[in-house]
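Remarks on the structure that follows.
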Amino acid sequence: MKTLRTFINFFSGEIEIFVAGAILVLFITIVTMSLSMSQFFGSTVYLSRFFLVILISMVIAGISIQLSNVKRLTDGYEGYLFSSVAVIANSIAVIFETFEMLFYGMNWFGFDFLRVQTDNSLLDLVGFLIFLYTVLMTIISMLDLIYAVGES
């Protein structure tokens, strides 16, 4: 059972780092090319500090999950410092996304970038999927923290 739990934690940490890192690179690319896109598409893309904080906290959480597992496997580390950092970072992302959803609804993702309320269901779906993914990663990091506290 320990190997399955370790594999799931490693896999979730890697996926979180990869997805958040890829979205962060895409986000920075879109924002830096905003002037060209504005001339081509006729709409301006804005820098969203909330989304930047969400992505950075997700990358930090993924790295913390990985460090927690590596320390447990190599050193027999039974502490919960890295697991706590992962839970806190993922919780910050969920809190920011919930805050955005309370003010702008399911269209929070589109409003962050375009600064207008649109009826684009694709942007609603992307915002919901990002929120769902972050909640799932928060639950996984909480389970990792519970496991770490249970071991010590």
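So you can find residues: chains in the structure tokens are A, B, ... in the order shown, residues in each start at 1, and ligands are numbered from 1 in order.
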
Compile a residue-level contact table for stretch 59-104 of chain A against stretch 144-150 of chain A at a cut-off of 12 Å, reporting for every qualifying residue the shortest atom pair and its distance in Å to one decimal, with only C-alpha atoms counted, rows ordered by chain and ascending number, as JSON lines.
```
{"residue": "A:Ala61", "atom": "CA", "partner": "A:Asp144", "partner_atom": "CA", "distance": 11.6}
{"residue": "A:Gly62", "atom": "CA", "partner": "A:Asp144", "partner_atom": "CA", "distance": 11.9}
{"residue": "A:Ser64", "atom": "CA", "partner": "A:Asp144", "partner_atom": "CA", "distance": 10.8}
{"residue": "A:Ile65", "atom": "CA", "partner": "A:Asp144", "partner_atom": "CA", "distance": 7.9}
{"residue": "A:Gln66", "atom": "CA", "partner": "A:Asp144", "partner_atom": "CA", "distance": 10.8}
{"residue": "A:Leu67", "atom": "CA", "partner": "A:Asp144", "partner_atom": "CA", "distance": 11.9}
{"residue": "A:Ser68", "atom": "CA", "partner": "A:Asp144", "partner_atom": "CA", "distance": 8.8}
{"residue": "A:Asn69", "atom": "CA", "partner": "A:Asp144", "partner_atom": "CA", "distance": 9.1}
{"residue": "A:Lys71", "atom": "CA", "partner": "A:Ala148", "partner_atom": "CA", "distance": 11.3}
{"residue": "A:Arg72", "atom": "CA", "partner": "A:Ala148", "partner_atom": "CA", "distance": 9.0}
{"residue": "A:Gly76", "atom": "CA", "partner": "A:Ala148", "partner_atom": "CA", "distance": 11.3}
{"residue": "A:Tyr77", "atom": "CA", "partner": "A:Ala148", "partner_atom": "CA", "distance": 9.2}
{"residue": "A:Glu78", "atom": "CA", "partner": "A:Ala148", "partner_atom": "CA", "distance": 6.3}
{"residue": "A:Gly79", "atom": "CA", "partner": "A:Ala148", "partner_atom": "CA", "distance": 6.5}
{"residue": "A:Tyr80", "atom": "CA", "partner": "A:Ala148", "partner_atom": "CA", "distance": 5.5}
{"residue": "A:Leu81", "atom": "CA", "partner": "A:Leu145", "partner_atom": "CA", "distance": 8.8}
{"residue": "A:Phe82", "atom": "CA", "partner": "A:Leu145", "partner_atom": "CA", "distance": 8.5}
{"residue": "A:Ser83", "atom": "CA", "partner": "A:Leu145", "partner_atom": "CA", "distance": 5.0}
{"residue": "A:Ser84", "atom": "CA", "partner": "A:Leu145", "partner_atom": "CA", "distance": 6.3}
{"residue": "A:Val85", "atom": "CA", "partner": "A:Leu145", "partner_atom": "CA", "distance": 9.4}
{"residue": "A:Ala86", "atom": "CA", "partner": "A:Leu145", "partner_atom": "CA", "distance": 8.5}
{"residue": "A:Val87", "atom": "CA", "partner": "A:Leu145", "partner_atom": "CA", "distance": 7.5}
{"residue": "A:Ile88", "atom": "CA", "partner": "A:Leu145", "partner_atom": "CA", "distance": 10.6}
```

Mind writing the picked residues with N, CA and C atoms as a short mmCIF file (atom, residue, chain, number, x, y, z; two decimals), in the first residue's frame?
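Output contents, as saved in again-v1.cif:
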```cif
data_model
loop_
_atom_site.label_atom_id
_atom_site.label_comp_id
_atom_site.auth_asym_id
_atom_site.auth_seq_id
_atom_site.Cartn_x
_atom_site.Cartn_y
_atom_site.Cartn_z
N ALA A 61 3.32 24.22 -4.67
CA ALA A 61 2.69 23.05 -4.04
C ALA A 61 3.18 21.76 -4.68
N GLY A 62 3.29 21.73 -6.00
CA GLY A 62 3.78 20.54 -6.67
C GLY A 62 5.20 20.20 -6.29
N SER A 64 6.63 21.05 -3.49
CA SER A 64 6.60 20.63 -2.09
C SER A 64 6.14 19.18 -1.95
N ILE A 65 5.16 18.77 -2.75
CA ILE A 65 4.72 17.37 -2.71
C ILE A 65 5.87 16.46 -3.13
N GLN A 66 6.59 16.86 -4.17
CA GLN A 66 7.72 16.05 -4.63
C GLN A 66 8.82 15.97 -3.56
N LEU A 67 9.16 17.09 -2.96
CA LEU A 67 10.20 17.09 -1.92
C LEU A 67 9.79 16.25 -0.72
N SER A 68 8.52 16.32 -0.37
CA SER A 68 8.02 15.52 0.75
C SER A 68 8.20 14.03 0.48
N ASN A 69 7.85 13.60 -0.71
CA ASN A 69 7.99 12.18 -1.05
C ASN A 69 9.45 11.74 -1.15
N LYS A 71 12.03 13.08 0.38
CA LYS A 71 12.59 13.05 1.74
C LYS A 71 12.11 11.82 2.49
N ARG A 72 10.85 11.42 2.32
CA ARG A 72 10.33 10.24 3.00
C ARG A 72 11.02 8.97 2.51
N GLY A 76 13.96 8.74 5.27
CA GLY A 76 13.05 8.26 6.29
C GLY A 76 12.41 9.41 7.05
N TYR A 77 12.33 10.56 6.38
CA TYR A 77 11.80 11.79 6.96
C TYR A 77 10.34 11.59 7.31
N GLU A 78 10.00 11.85 8.56
CA GLU A 78 8.62 11.66 8.99
C GLU A 78 7.95 12.98 9.34
N GLY A 79 8.58 14.08 9.01
CA GLY A 79 8.00 15.37 9.31
C GLY A 79 6.93 15.74 8.30
N TYR A 80 6.33 16.85 8.52
CA TYR A 80 5.24 17.26 7.63
C TYR A 80 5.40 18.70 7.16
N LEU A 81 6.62 19.21 7.12
CA LEU A 81 6.86 20.58 6.69
C LEU A 81 6.49 20.76 5.21
N PHE A 82 6.99 19.91 4.33
CA PHE A 82 6.73 20.06 2.90
C PHE A 82 5.27 19.79 2.57
N SER A 83 4.67 18.84 3.26
CA SER A 83 3.25 18.57 3.04
C SER A 83 2.41 19.76 3.48
N SER A 84 2.80 20.41 4.57
CA SER A 84 2.08 21.59 5.03
C SER A 84 2.20 22.74 4.04
N VAL A 85 3.39 22.92 3.47
CA VAL A 85 3.58 23.97 2.46
C VAL A 85 2.71 23.69 1.24
N ALA A 86 2.61 22.43 0.84
CA ALA A 86 1.77 22.06 -0.30
C ALA A 86 0.30 22.36 -0.03
N VAL A 87 -0.17 22.03 1.16
CA VAL A 87 -1.57 22.30 1.51
C VAL A 87 -1.83 23.79 1.54
N ILE A 88 -0.92 24.55 2.12
CA ILE A 88 -1.10 26.01 2.21
C ILE A 88 -1.09 26.63 0.82
#
```

Please list as an NGL selection string every residue within 7 Å of A:Val45, counting only C-alpha atoms and excluding residues in the same chain fewer than 6 positions away.
:A and (31 or 34 or 113-114)

Using the chain letters and numbers from this document, which residues of chain A does DSSP assign to alpha helix (DSSP H), as a PyMOL selection string?
chain A and resi 2-32+34-41+49-75+81-104+108-114+121-151

Counting only C-alpha atoms, what is within 8 Å of A:Asp119, bar same-chain residues fewer than 2 positions away, as a PDB file with C-alpha atoms, in the first residue's frame?
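Just written: result-v1.pdb:
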```pdb
ATOM      1  CA  ASN A 107     -16.597  33.544 -16.263  1.00  0.00           C
ATOM      2  CA  GLN A 117     -18.037  39.822 -19.167  1.00  0.00           C
ATOM      3  CA  SER A 121     -19.066  28.965 -22.618  1.00  0.00           C
TER       4      SER A 121
END
```
